[in-house]
Structure formats: structure tokens, C-alpha cells
Amino acid sequence: MSDLVSHPAEHRVPELFEAARAVQSRAYAPYSHFNVGAAILTATGHVYACCNVENAAYPVSTCAEAGAISMMIAGGDDSIAAVLTICDGDEVGTCCGGCRQRIREFSSPTTAIYACGPEGVRAVFTMDGLLPVSFGPDNLRGFVQ
Ligand code: THU
């Protein structure tokens, strides 16, 4: 993994990169042929990784980030310290809009989101940078019991 973008040691980016790359190779993407891997580092130090899983009924497909979040919740964690995604192609592949909202549910505005290509990190964003002025759990405080 090359260091195109600096990252603090506590984000354990090399470990997240390897976890995301391992699951990217298992993506089920026979329709788009666009394999994605996502790895989450939680505040408790656990790592959860998943790939995208497509479906012949296209809208039923799930993104890699969504799968990793489900695994995180099933694993008993709910606080994201960093996210790393990996995809192929020449462009910087950032999380789709839906996944930005999914990640936001369990993040802080400063949570780091690393976008990688096969060679390493291409860009890093903050949660607030990817989804500014976002809607979240605080907006529902006082409305739901
Ligand atoms: N995909 C992800 O897994 N994460 C994203 O943030 C962007 C898109 C997947 C969904 C679909 O299987 C394929 O990439 C093409 O859109």
C-alpha cells in the first residue's frame, strides 16, 4: 500500500486497507463488475469488513459499506472511528450518498473516510466533508421515545 495521503497511526490504515482488499476480492458484482471492499475501525478497536452484494433485481443490491455496518452492529459495536473503502478504476471512488447517511448514523463530524484504489489511499475526507449539514439522531431528540 502506498502512502499517497497522510493518516494518523491510530486509524490503522494499513490494517483497514488489507481487510478491505481481502473482502473486495469476494464481492458479488456480476452486473456492474465493480467490486468494492469497505472496512470499519470502531472506537473499541474492532475491524469489520464487507463487500458489495448485487442482485438480479438490481435495487436489492447492497453496498460494501452497508454490509460492514451490519456486521459492526451484529458484532456489538456502534461507534465508527474510521472507514476505508477500496475500488478499482482511475477515479477516486467515494461512498455513495446512501452510504454517507448510513455511516453518519454511527460517526462524528470528524470521522475519517479513506478512499482507496488498488495501490493505496487516494483521498481522505471527513464525515462532515462528505455529508455537510446532515440529518442525524440529534434531530430526532425529543420526538422519539
Ligand atoms: N457500491 C458500493 O459498494 N459502495 C459505494 O459507496 C458505491 C457503490 C457498489 C454498489 C454496486 O454493487 C456497485 O458498487 C456499482 O454501483
# chains A, B, ... in the order shown; residues from 1 in each chain; ligands from 1
$ residues_near_ligand --ligand "ligand 1" --cutoff "7 Å" --atoms "only C-alpha atoms and all ligand atoms" --output "VMD selection string"
chain A and resid 29 32 34 to 37 51 to 54 61 to 65 94 to 96 99
$ write_last_selection --atoms "N, CA and C atoms" --output "PDB file, in the first residue's frame"
ATOM      1  N   ALA A  29     -20.548  -9.088  -7.741  1.00  0.00           N
ATOM      2  CA  ALA A  29     -20.928  -7.961  -8.593  1.00  0.00           C
ATOM      3  C   ALA A  29     -20.981  -8.386 -10.056  1.00  0.00           C
ATOM      4  N   SER A  32     -22.556  -5.107 -12.332  1.00  0.00           N
ATOM      5  CA  SER A  32     -21.740  -3.901 -12.548  1.00  0.00           C
ATOM      6  C   SER A  32     -20.274  -4.245 -12.803  1.00  0.00           C
ATOM      7  N   PHE A  34     -18.179  -4.059 -10.685  1.00  0.00           N
ATOM      8  CA  PHE A  34     -17.475  -3.041  -9.889  1.00  0.00           C
ATOM      9  C   PHE A  34     -17.370  -3.569  -8.467  1.00  0.00           C
ATOM     10  N   ASN A  35     -16.225  -4.137  -8.165  1.00  0.00           N
ATOM     11  CA  ASN A  35     -16.015  -4.745  -6.846  1.00  0.00           C
ATOM     12  C   ASN A  35     -15.578  -3.689  -5.831  1.00  0.00           C
ATOM     13  N   VAL A  36     -16.250  -3.682  -4.698  1.00  0.00           N
ATOM     14  CA  VAL A  36     -15.935  -2.719  -3.642  1.00  0.00           C
ATOM     15  C   VAL A  36     -15.687  -3.477  -2.339  1.00  0.00           C
ATOM     16  N   GLY A  37     -14.718  -3.001  -1.575  1.00  0.00           N
ATOM     17  CA  GLY A  37     -14.493  -3.502  -0.223  1.00  0.00           C
ATOM     18  C   GLY A  37     -14.547  -2.329   0.735  1.00  0.00           C
ATOM     19  N   CYS A  51     -18.109  -6.598   1.501  1.00  0.00           N
ATOM     20  CA  CYS A  51     -18.080  -6.255   0.076  1.00  0.00           C
ATOM     21  C   CYS A  51     -19.502  -5.967  -0.407  1.00  0.00           C
ATOM     22  N   ASN A  52     -19.613  -5.466  -1.628  1.00  0.00           N
ATOM     23  CA  ASN A  52     -20.948  -5.272  -2.201  1.00  0.00           C
ATOM     24  C   ASN A  52     -21.518  -6.613  -2.666  1.00  0.00           C
ATOM     25  N   VAL A  53     -22.825  -6.717  -2.562  1.00  0.00           N
ATOM     26  CA  VAL A  53     -23.535  -7.942  -2.938  1.00  0.00           C
ATOM     27  C   VAL A  53     -24.706  -7.534  -3.834  1.00  0.00           C
ATOM     28  N   GLU A  54     -24.568  -7.822  -5.131  1.00  0.00           N
ATOM     29  CA  GLU A  54     -25.605  -7.409  -6.079  1.00  0.00           C
ATOM     30  C   GLU A  54     -26.684  -8.473  -6.212  1.00  0.00           C
ATOM     31  N   SER A  61     -29.609  -4.796  -4.422  1.00  0.00           N
ATOM     32  CA  SER A  61     -28.171  -4.902  -4.150  1.00  0.00           C
ATOM     33  C   SER A  61     -27.783  -4.099  -2.907  1.00  0.00           C
ATOM     34  N   THR A  62     -26.719  -4.533  -2.263  1.00  0.00           N
ATOM     35  CA  THR A  62     -26.228  -3.789  -1.097  1.00  0.00           C
ATOM     36  C   THR A  62     -24.778  -3.371  -1.305  1.00  0.00           C
ATOM     37  N   CYS A  63     -24.458  -2.185  -0.819  1.00  0.00           N
ATOM     38  CA  CYS A  63     -23.098  -1.646  -0.914  1.00  0.00           C
ATOM     39  C   CYS A  63     -22.189  -2.295   0.130  1.00  0.00           C
ATOM     40  N   ALA A  64     -20.899  -2.223  -0.132  1.00  0.00           N
ATOM     41  CA  ALA A  64     -19.908  -2.761   0.801  1.00  0.00           C
ATOM     42  C   ALA A  64     -20.017  -2.089   2.167  1.00  0.00           C
ATOM     43  N   GLU A  65     -20.213  -0.774   2.174  1.00  0.00           N
ATOM     44  CA  GLU A  65     -20.284  -0.042   3.440  1.00  0.00           C
ATOM     45  C   GLU A  65     -21.484  -0.492   4.258  1.00  0.00           C
ATOM     46  N   THR A  94     -15.609   7.504  -3.996  1.00  0.00           N
ATOM     47  CA  THR A  94     -16.125   7.860  -2.668  1.00  0.00           C
ATOM     48  C   THR A  94     -17.423   7.121  -2.400  1.00  0.00           C
ATOM     49  N   CYS A  95     -17.832   7.107  -1.149  1.00  0.00           N
ATOM     50  CA  CYS A  95     -19.060   6.427  -0.747  1.00  0.00           C
ATOM     51  C   CYS A  95     -20.261   7.060  -1.445  1.00  0.00           C
ATOM     52  N   CYS A  96     -21.221   6.238  -1.829  1.00  0.00           N
ATOM     53  CA  CYS A  96     -22.440   6.763  -2.448  1.00  0.00           C
ATOM     54  C   CYS A  96     -23.232   7.573  -1.406  1.00  0.00           C
ATOM     55  N   CYS A  99     -24.805   5.578   1.452  1.00  0.00           N
ATOM     56  CA  CYS A  99     -23.842   5.078   2.440  1.00  0.00           C
ATOM     57  C   CYS A  99     -23.272   6.205   3.290  1.00  0.00           C
TER      58      CYS A  99
END
$ select_by_dssp --residues "chain A" --states "strand (DSSP E or B)" --output "tab-separated table (two decimals) with all heavy atoms, in the first residue's frame"
chain	number	residue	atom	x	y	z
A	2	SER	N	0.66	2.13	-0.95
A	2	SER	CA	1.44	3.36	-0.97
A	2	SER	C	0.78	4.44	-0.11
A	2	SER	O	-0.44	4.42	0.09
A	2	SER	CB	1.59	3.87	-2.40
A	2	SER	OG	0.33	4.25	-2.91
A	28	TYR	N	-19.72	-9.82	-4.79
A	28	TYR	CA	-20.62	-10.45	-5.75
A	28	TYR	C	-21.19	-9.32	-6.60
A	28	TYR	O	-22.13	-8.64	-6.21
A	28	TYR	CB	-21.74	-11.21	-5.00
A	28	TYR	CG	-22.74	-11.85	-5.93
A	28	TYR	CD1	-22.42	-13.02	-6.63
A	28	TYR	CD2	-24.00	-11.29	-6.12
A	28	TYR	CE1	-23.32	-13.61	-7.49
A	28	TYR	CE2	-24.92	-11.88	-6.98
A	28	TYR	CZ	-24.58	-13.04	-7.66
A	28	TYR	OH	-25.47	-13.62	-8.53
A	36	VAL	N	-16.25	-3.68	-4.70
A	36	VAL	CA	-15.93	-2.72	-3.64
A	36	VAL	C	-15.69	-3.48	-2.34
A	36	VAL	O	-16.37	-4.46	-2.04
A	36	VAL	CB	-17.10	-1.72	-3.43
A	36	VAL	CG1	-16.72	-0.67	-2.38
A	36	VAL	CG2	-17.47	-1.04	-4.75
A	37	GLY	N	-14.72	-3.00	-1.58
A	37	GLY	CA	-14.49	-3.50	-0.22
A	37	GLY	C	-14.55	-2.33	0.73
A	37	GLY	O	-14.12	-1.22	0.39
A	38	ALA	N	-15.09	-2.55	1.91
A	38	ALA	CA	-15.15	-1.50	2.93
A	38	ALA	C	-14.74	-2.08	4.27
A	38	ALA	O	-15.13	-3.20	4.61
A	38	ALA	CB	-16.57	-0.92	3.03
A	39	ALA	N	-13.93	-1.33	5.01
A	39	ALA	CA	-13.53	-1.74	6.35
A	39	ALA	C	-13.81	-0.61	7.32
A	39	ALA	O	-13.54	0.56	7.01
A	39	ALA	CB	-12.05	-2.13	6.38
A	40	ILE	N	-14.33	-0.97	8.46
A	40	ILE	CA	-14.65	-0.01	9.52
A	40	ILE	C	-13.78	-0.29	10.72
A	40	ILE	O	-13.67	-1.44	11.16
A	40	ILE	CB	-16.14	-0.14	9.93
A	40	ILE	CG1	-17.05	0.33	8.81
A	40	ILE	CG2	-16.42	0.62	11.23
A	40	ILE	CD1	-18.53	0.04	9.06
A	41	LEU	N	-13.16	0.77	11.26
A	41	LEU	CA	-12.50	0.69	12.57
A	41	LEU	C	-13.44	1.32	13.58
A	41	LEU	O	-13.89	2.46	13.39
A	41	LEU	CB	-11.17	1.44	12.55
A	41	LEU	CG	-10.44	1.54	13.90
A	41	LEU	CD1	-9.93	0.17	14.34
A	41	LEU	CD2	-9.30	2.55	13.81
A	42	THR	N	-13.74	0.60	14.65
A	42	THR	CA	-14.65	1.14	15.66
A	42	THR	C	-13.87	1.81	16.79
A	42	THR	O	-12.66	1.61	16.95
A	42	THR	CB	-15.54	0.04	16.26
A	42	THR	OG1	-14.71	-0.84	17.03
A	42	THR	CG2	-16.27	-0.73	15.17
A	47	VAL	N	-12.37	-4.26	13.93
A	47	VAL	CA	-12.43	-4.02	12.49
A	47	VAL	C	-13.49	-4.93	11.88
A	47	VAL	O	-13.51	-6.14	12.15
A	47	VAL	CB	-11.06	-4.28	11.82
A	47	VAL	CG1	-11.17	-4.20	10.30
A	47	VAL	CG2	-10.02	-3.28	12.34
A	48	TYR	N	-14.35	-4.32	11.08
A	48	TYR	CA	-15.40	-5.07	10.37
A	48	TYR	C	-15.28	-4.74	8.89
A	48	TYR	O	-15.14	-3.57	8.52
A	48	TYR	CB	-16.79	-4.68	10.86
A	48	TYR	CG	-17.02	-4.99	12.32
A	48	TYR	CD1	-16.79	-4.03	13.30
A	48	TYR	CD2	-17.44	-6.26	12.73
A	48	TYR	CE1	-16.98	-4.31	14.65
A	48	TYR	CE2	-17.64	-6.55	14.07
A	48	TYR	CZ	-17.41	-5.57	15.02
A	48	TYR	OH	-17.60	-5.86	16.36
A	49	ALA	N	-15.35	-5.75	8.05
A	49	ALA	CA	-15.18	-5.53	6.61
A	49	ALA	C	-16.23	-6.30	5.83
A	49	ALA	O	-16.64	-7.40	6.23
A	49	ALA	CB	-13.78	-5.94	6.17
A	50	CYS	N	-16.66	-5.71	4.71
A	50	CYS	CA	-17.63	-6.39	3.85
A	50	CYS	C	-17.49	-5.87	2.41
A	50	CYS	O	-16.84	-4.85	2.17
A	50	CYS	CB	-19.06	-6.20	4.37
A	50	CYS	SG	-20.23	-7.42	3.71
A	51	CYS	N	-18.11	-6.60	1.50
A	51	CYS	CA	-18.08	-6.26	0.08
A	51	CYS	C	-19.50	-5.97	-0.41
A	51	CYS	O	-20.47	-6.21	0.32
A	51	CYS	CB	-17.48	-7.42	-0.72
A	51	CYS	SG	-18.30	-8.99	-0.39
A	53	VAL	N	-22.82	-6.72	-2.56
A	53	VAL	CA	-23.54	-7.94	-2.94
A	53	VAL	C	-24.71	-7.53	-3.83
A	53	VAL	O	-25.68	-6.95	-3.36
A	53	VAL	CB	-24.06	-8.70	-1.70
A	53	VAL	CG1	-24.77	-9.99	-2.12
A	53	VAL	CG2	-22.92	-9.02	-0.73
A	62	THR	N	-26.72	-4.53	-2.26
A	62	THR	CA	-26.23	-3.79	-1.10
A	62	THR	C	-24.78	-3.37	-1.31
A	62	THR	O	-23.98	-4.11	-1.88
A	62	THR	CB	-26.32	-4.61	0.20
A	62	THR	OG1	-25.71	-5.88	0.00
A	62	THR	CG2	-27.76	-4.80	0.63
A	80	ILE	N	-18.15	4.50	14.97
A	80	ILE	CA	-17.15	4.38	13.90
A	80	ILE	C	-16.03	5.40	14.10
A	80	ILE	O	-16.29	6.61	14.20
A	80	ILE	CB	-17.81	4.60	12.51
A	80	ILE	CG1	-18.84	3.49	12.24
A	80	ILE	CG2	-16.77	4.62	11.41
A	80	ILE	CD1	-19.61	3.67	10.93
A	81	ALA	N	-14.78	4.91	14.12
A	81	ALA	CA	-13.62	5.79	14.24
A	81	ALA	C	-13.05	6.14	12.87
A	81	ALA	O	-12.56	7.25	12.66
A	81	ALA	CB	-12.54	5.12	15.10
A	82	ALA	N	-13.10	5.19	11.95
A	82	ALA	CA	-12.60	5.44	10.59
A	82	ALA	C	-13.22	4.42	9.65
A	82	ALA	O	-13.57	3.30	10.05
A	82	ALA	CB	-11.08	5.34	10.54
A	83	VAL	N	-13.37	4.84	8.40
A	83	VAL	CA	-13.87	3.96	7.33
A	83	VAL	C	-12.87	4.00	6.19
A	83	VAL	O	-12.30	5.07	5.90
A	83	VAL	CB	-15.25	4.44	6.81
A	83	VAL	CG1	-15.74	3.54	5.67
A	83	VAL	CG2	-16.28	4.49	7.93
A	84	LEU	N	-12.66	2.87	5.57
A	84	LEU	CA	-11.79	2.81	4.38
A	84	LEU	C	-12.51	1.99	3.32
A	84	LEU	O	-13.01	0.90	3.60
A	84	LEU	CB	-10.45	2.18	4.75
A	84	LEU	CG	-9.40	2.09	3.65
A	84	LEU	CD1	-7.99	2.21	4.23
A	84	LEU	CD2	-9.53	0.76	2.86
A	85	THR	N	-12.57	2.54	2.11
A	85	THR	CA	-13.16	1.79	1.00
A	85	THR	C	-12.11	1.62	-0.09
A	85	THR	O	-11.20	2.43	-0.23
A	85	THR	CB	-14.38	2.51	0.40
A	85	THR	OG1	-13.98	3.78	-0.12
A	85	THR	CG2	-15.47	2.69	1.44
A	86	ILE	N	-12.27	0.55	-0.84
A	86	ILE	CA	-11.37	0.30	-1.97
A	86	ILE	C	-12.20	-0.12	-3.17
A	86	ILE	O	-13.15	-0.92	-3.03
A	86	ILE	CB	-10.30	-0.76	-1.62
A	86	ILE	CG1	-9.37	-0.99	-2.82
A	86	ILE	CG2	-10.91	-2.05	-1.12
A	86	ILE	CD1	-8.16	-1.85	-2.50
A	87	CYS	N	-11.86	0.45	-4.32
A	87	CYS	CA	-12.49	0.04	-5.56
A	87	CYS	C	-11.46	0.17	-6.68
A	87	CYS	O	-10.39	0.75	-6.49
A	87	CYS	CB	-13.74	0.88	-5.86
A	87	CYS	SG	-13.43	2.63	-6.06
A	112	ALA	N	-12.88	9.98	9.94
A	112	ALA	CA	-12.13	9.94	8.68
A	112	ALA	C	-12.67	8.86	7.76
A	112	ALA	O	-12.98	7.74	8.20
A	112	ALA	CB	-10.65	9.68	8.97
A	113	ILE	N	-12.76	9.19	6.47
A	113	ILE	CA	-13.21	8.23	5.47
A	113	ILE	C	-12.17	8.21	4.35
A	113	ILE	O	-11.98	9.20	3.63
A	113	ILE	CB	-14.60	8.61	4.93
A	113	ILE	CG1	-15.60	8.61	6.09
A	113	ILE	CG2	-15.04	7.62	3.83
A	113	ILE	CD1	-16.97	9.13	5.75
A	114	TYR	N	-11.47	7.10	4.24
A	114	TYR	CA	-10.39	6.93	3.28
A	114	TYR	C	-10.92	6.27	2.01
A	114	TYR	O	-11.60	5.25	2.09
A	114	TYR	CB	-9.27	6.07	3.87
A	114	TYR	CG	-8.59	6.70	5.06
A	114	TYR	CD1	-9.06	6.50	6.36
A	114	TYR	CD2	-7.47	7.51	4.89
A	114	TYR	CE1	-8.44	7.09	7.45
A	114	TYR	CE2	-6.84	8.10	5.97
A	114	TYR	CZ	-7.33	7.89	7.24
A	114	TYR	OH	-6.71	8.48	8.31
A	115	ALA	N	-10.58	6.85	0.87
A	115	ALA	CA	-10.97	6.29	-0.43
A	115	ALA	C	-9.72	5.76	-1.10
A	115	ALA	O	-8.76	6.51	-1.34
A	115	ALA	CB	-11.62	7.37	-1.28
A	116	CYS	N	-9.73	4.46	-1.38
A	116	CYS	CA	-8.53	3.79	-1.91
A	116	CYS	C	-8.75	3.22	-3.30
A	116	CYS	O	-9.86	2.83	-3.67
A	116	CYS	CB	-8.12	2.64	-1.00
A	116	CYS	SG	-7.72	3.16	0.66
A	117	GLY	N	-7.65	3.17	-4.03
A	117	GLY	CA	-7.57	2.35	-5.23
A	117	GLY	C	-6.68	1.17	-4.92
A	117	GLY	O	-6.22	1.02	-3.77
A	120	GLY	N	-3.39	2.00	-3.03
A	120	GLY	CA	-3.39	2.60	-1.70
A	120	GLY	C	-4.38	3.73	-1.58
A	120	GLY	O	-5.30	3.86	-2.40
A	121	VAL	N	-4.19	4.55	-0.55
A	121	VAL	CA	-5.13	5.64	-0.27
A	121	VAL	C	-4.99	6.74	-1.32
A	121	VAL	O	-3.89	7.23	-1.59
A	121	VAL	CB	-4.88	6.23	1.13
A	121	VAL	CG1	-5.83	7.38	1.40
A	121	VAL	CG2	-5.03	5.16	2.21
A	122	ARG	N	-6.11	7.11	-1.91
A	122	ARG	CA	-6.10	8.19	-2.92
A	122	ARG	C	-6.59	9.51	-2.34
A	122	ARG	O	-6.23	10.58	-2.82
A	122	ARG	CB	-6.98	7.80	-4.11
A	122	ARG	CG	-6.41	6.68	-4.93
A	122	ARG	CD	-7.33	6.28	-6.08
A	122	ARG	NE	-6.68	5.31	-6.94
A	122	ARG	CZ	-7.28	4.69	-7.94
A	122	ARG	NH1	-8.56	4.93	-8.21
A	122	ARG	NH2	-6.62	3.82	-8.68
A	123	ALA	N	-7.46	9.43	-1.35
A	123	ALA	CA	-8.02	10.65	-0.77
A	123	ALA	C	-8.58	10.33	0.60
A	123	ALA	O	-8.95	9.18	0.88
A	123	ALA	CB	-9.13	11.22	-1.67
A	124	VAL	N	-8.62	11.34	1.44
A	124	VAL	CA	-9.26	11.18	2.75
A	124	VAL	C	-10.21	12.34	2.96
A	124	VAL	O	-9.92	13.48	2.58
A	124	VAL	CB	-8.22	11.07	3.89
A	124	VAL	CG1	-7.35	12.32	3.98
A	124	VAL	CG2	-8.90	10.80	5.22
A	125	PHE	N	-11.35	12.03	3.53
A	125	PHE	CA	-12.40	13.00	3.78
A	125	PHE	C	-12.82	12.92	5.24
A	125	PHE	O	-12.58	11.91	5.91
A	125	PHE	CB	-13.62	12.71	2.90
A	125	PHE	CG	-13.29	12.59	1.44
A	125	PHE	CD1	-13.01	11.35	0.87
A	125	PHE	CD2	-13.27	13.71	0.62
A	125	PHE	CE1	-12.70	11.24	-0.48
A	125	PHE	CE2	-12.95	13.61	-0.73
A	125	PHE	CZ	-12.67	12.36	-1.28
A	126	THR	N	-13.50	13.96	5.70
A	126	THR	CA	-14.19	13.84	6.99
A	126	THR	C	-15.66	13.54	6.69
A	126	THR	O	-16.16	13.81	5.59
A	126	THR	CB	-14.12	15.14	7.80
A	126	THR	OG1	-14.77	16.18	7.06
A	126	THR	CG2	-12.68	15.51	8.12
A	141	ARG	N	-34.11	13.98	18.59
A	141	ARG	CA	-34.15	14.03	20.05
A	141	ARG	C	-35.38	14.83	20.48
A	141	ARG	O	-35.62	15.94	20.03
A	141	ARG	CB	-32.87	14.66	20.59
A	141	ARG	CG	-32.61	14.34	22.03
A	141	ARG	CD	-31.13	14.22	22.35
A	141	ARG	NE	-30.52	13.00	21.78
A	141	ARG	CZ	-29.25	12.92	21.43
A	141	ARG	NH1	-28.46	13.96	21.53
A	141	ARG	NH2	-28.77	11.79	20.95
A	144	VAL	N	-38.76	11.20	19.43
A	144	VAL	CA	-38.98	9.76	19.57
A	144	VAL	C	-38.63	9.35	21.00
A	144	VAL	O	-37.73	9.91	21.62
A	144	VAL	CB	-38.13	8.95	18.56
A	144	VAL	CG1	-38.67	9.12	17.17
A	144	VAL	CG2	-36.67	9.35	18.63
$ atom_distance --atom1 "atom CA of A:Asp88" --atom2 "atom CA of A:Pro14"
17.6 Å
$ closest_residue --among "A:Glu119, A:Tyr31, A:His46, A:Gln24" --to "A:Gly75" --atoms "only C-alpha atoms"
A:His46
$ closest_residue --among "A:Pro118, A:Glu105, A:Ala22, A:Pro8" --to "A:Gly89" --atoms "only C-alpha atoms"
A:Pro118
$ select_by_dssp --residues "stretch 17-112 of chain A" --states "alpha helix (DSSP H)" --output "list in words"
Phe17, Glu18, Ala19, Ala20, Arg21, Ala22, Val23, Gln24, Ala64, Glu65, Ala66, Gly67, Ala68, Ile69, Ser70, Met71, Met72, Ile73, Ala74, Gly97, Gly98, Cys99, Arg100, Gln101, Arg102, Ile103 and Arg104 of chain A
$ write_last_selection --atoms "N, CA, C and O atoms" --output "compact mmCIF listing (two decimals), in the first residue's frame"
# COMPACT_ATOMS: atom_id res chain seq x y z
N PHE A 17 -6.82 -1.29 5.13
CA PHE A 17 -6.62 -1.49 3.69
C PHE A 17 -6.58 -2.98 3.37
O PHE A 17 -7.24 -3.44 2.43
N GLU A 18 -5.83 -3.74 4.14
CA GLU A 18 -5.73 -5.18 3.88
C GLU A 18 -7.07 -5.88 4.10
O GLU A 18 -7.45 -6.78 3.33
N ALA A 19 -7.80 -5.45 5.12
CA ALA A 19 -9.11 -6.06 5.38
C ALA A 19 -10.08 -5.76 4.24
O ALA A 19 -10.83 -6.64 3.79
N ALA A 20 -10.07 -4.52 3.77
CA ALA A 20 -10.98 -4.14 2.68
C ALA A 20 -10.59 -4.83 1.38
O ALA A 20 -11.45 -5.27 0.61
N ARG A 21 -9.29 -4.93 1.13
CA ARG A 21 -8.84 -5.56 -0.10
C ARG A 21 -9.20 -7.05 -0.11
O ARG A 21 -9.59 -7.60 -1.15
N ALA A 22 -9.10 -7.68 1.04
CA ALA A 22 -9.42 -9.12 1.11
C ALA A 22 -10.89 -9.36 0.77
O ALA A 22 -11.22 -10.28 0.02
N VAL A 23 -11.78 -8.53 1.31
CA VAL A 23 -13.21 -8.76 1.03
C VAL A 23 -13.61 -8.24 -0.36
O VAL A 23 -14.55 -8.76 -0.96
N GLN A 24 -12.89 -7.22 -0.86
CA GLN A 24 -13.20 -6.74 -2.22
C GLN A 24 -13.12 -7.89 -3.22
O GLN A 24 -13.93 -7.98 -4.15
N ALA A 64 -20.90 -2.22 -0.13
CA ALA A 64 -19.91 -2.76 0.80
C ALA A 64 -20.02 -2.09 2.17
O ALA A 64 -19.94 -2.76 3.21
N GLU A 65 -20.21 -0.77 2.17
CA GLU A 65 -20.28 -0.04 3.44
C GLU A 65 -21.48 -0.49 4.26
O GLU A 65 -21.41 -0.61 5.49
N ALA A 66 -22.61 -0.72 3.56
CA ALA A 66 -23.82 -1.15 4.27
C ALA A 66 -23.60 -2.50 4.93
O ALA A 66 -24.01 -2.74 6.07
N GLY A 67 -22.92 -3.40 4.20
CA GLY A 67 -22.63 -4.70 4.77
C GLY A 67 -21.71 -4.61 5.98
O GLY A 67 -21.91 -5.30 6.99
N ALA A 68 -20.70 -3.76 5.88
CA ALA A 68 -19.76 -3.61 7.00
C ALA A 68 -20.45 -3.02 8.22
O ALA A 68 -20.16 -3.42 9.36
N ILE A 69 -21.37 -2.10 8.00
CA ILE A 69 -22.13 -1.53 9.13
C ILE A 69 -23.00 -2.60 9.77
O ILE A 69 -23.09 -2.68 11.00
N SER A 70 -23.64 -3.42 8.96
CA SER A 70 -24.46 -4.50 9.54
C SER A 70 -23.60 -5.44 10.38
O SER A 70 -24.01 -5.86 11.48
N MET A 71 -22.43 -5.75 9.89
CA MET A 71 -21.53 -6.63 10.65
C MET A 71 -21.10 -5.97 11.95
O MET A 71 -20.99 -6.61 12.99
N MET A 72 -20.85 -4.66 11.88
CA MET A 72 -20.46 -3.92 13.09
C MET A 72 -21.56 -3.99 14.15
O MET A 72 -21.29 -4.27 15.33
N ILE A 73 -22.78 -3.75 13.73
CA ILE A 73 -23.90 -3.77 14.68
C ILE A 73 -24.09 -5.18 15.23
O ILE A 73 -24.27 -5.37 16.44
N ALA A 74 -24.02 -6.16 14.36
CA ALA A 74 -24.17 -7.55 14.82
C ALA A 74 -23.03 -7.94 15.76
O ALA A 74 -23.21 -8.80 16.64
N GLY A 97 -24.20 8.31 -1.89
CA GLY A 97 -24.98 9.17 -0.99
C GLY A 97 -25.67 8.40 0.12
O GLY A 97 -25.66 8.83 1.28
N GLY A 98 -26.25 7.26 -0.24
CA GLY A 98 -26.95 6.47 0.77
C GLY A 98 -26.00 5.99 1.86
O GLY A 98 -26.33 6.00 3.05
N CYS A 99 -24.80 5.58 1.45
CA CYS A 99 -23.84 5.08 2.44
C CYS A 99 -23.27 6.21 3.29
O CYS A 99 -22.92 5.99 4.45
N ARG A 100 -23.19 7.41 2.74
CA ARG A 100 -22.77 8.55 3.58
C ARG A 100 -23.75 8.71 4.75
O ARG A 100 -23.34 8.93 5.89
N GLN A 101 -25.02 8.60 4.45
CA GLN A 101 -26.02 8.73 5.53
C GLN A 101 -25.91 7.55 6.49
O GLN A 101 -26.04 7.72 7.71
N ARG A 102 -25.69 6.36 5.96
CA ARG A 102 -25.56 5.18 6.84
C ARG A 102 -24.38 5.33 7.80
O ARG A 102 -24.48 5.03 8.98
N ILE A 103 -23.25 5.78 7.26
CA ILE A 103 -22.05 5.96 8.09
C ILE A 103 -22.27 7.06 9.10
O ILE A 103 -21.88 6.95 10.27
N ARG A 104 -22.95 8.12 8.69
CA ARG A 104 -23.18 9.28 9.54
C ARG A 104 -23.90 8.91 10.84
O ARG A 104 -23.68 9.49 11.90
$ atom_distance --atom1 "atom CA of A:Leu130" --atom2 "atom CA of A:Phe106"
14.4 Å
$ closest_residue --among "A:Asp77, A:Val13, A:Asn55, A:Phe143" --to "A:Ala27" --atoms "only C-alpha atoms"
A:Asn55
$ atom_distance --atom1 "atom CA of A:Ser6" --atom2 "atom CA of A:Thr111"
14.9 Å
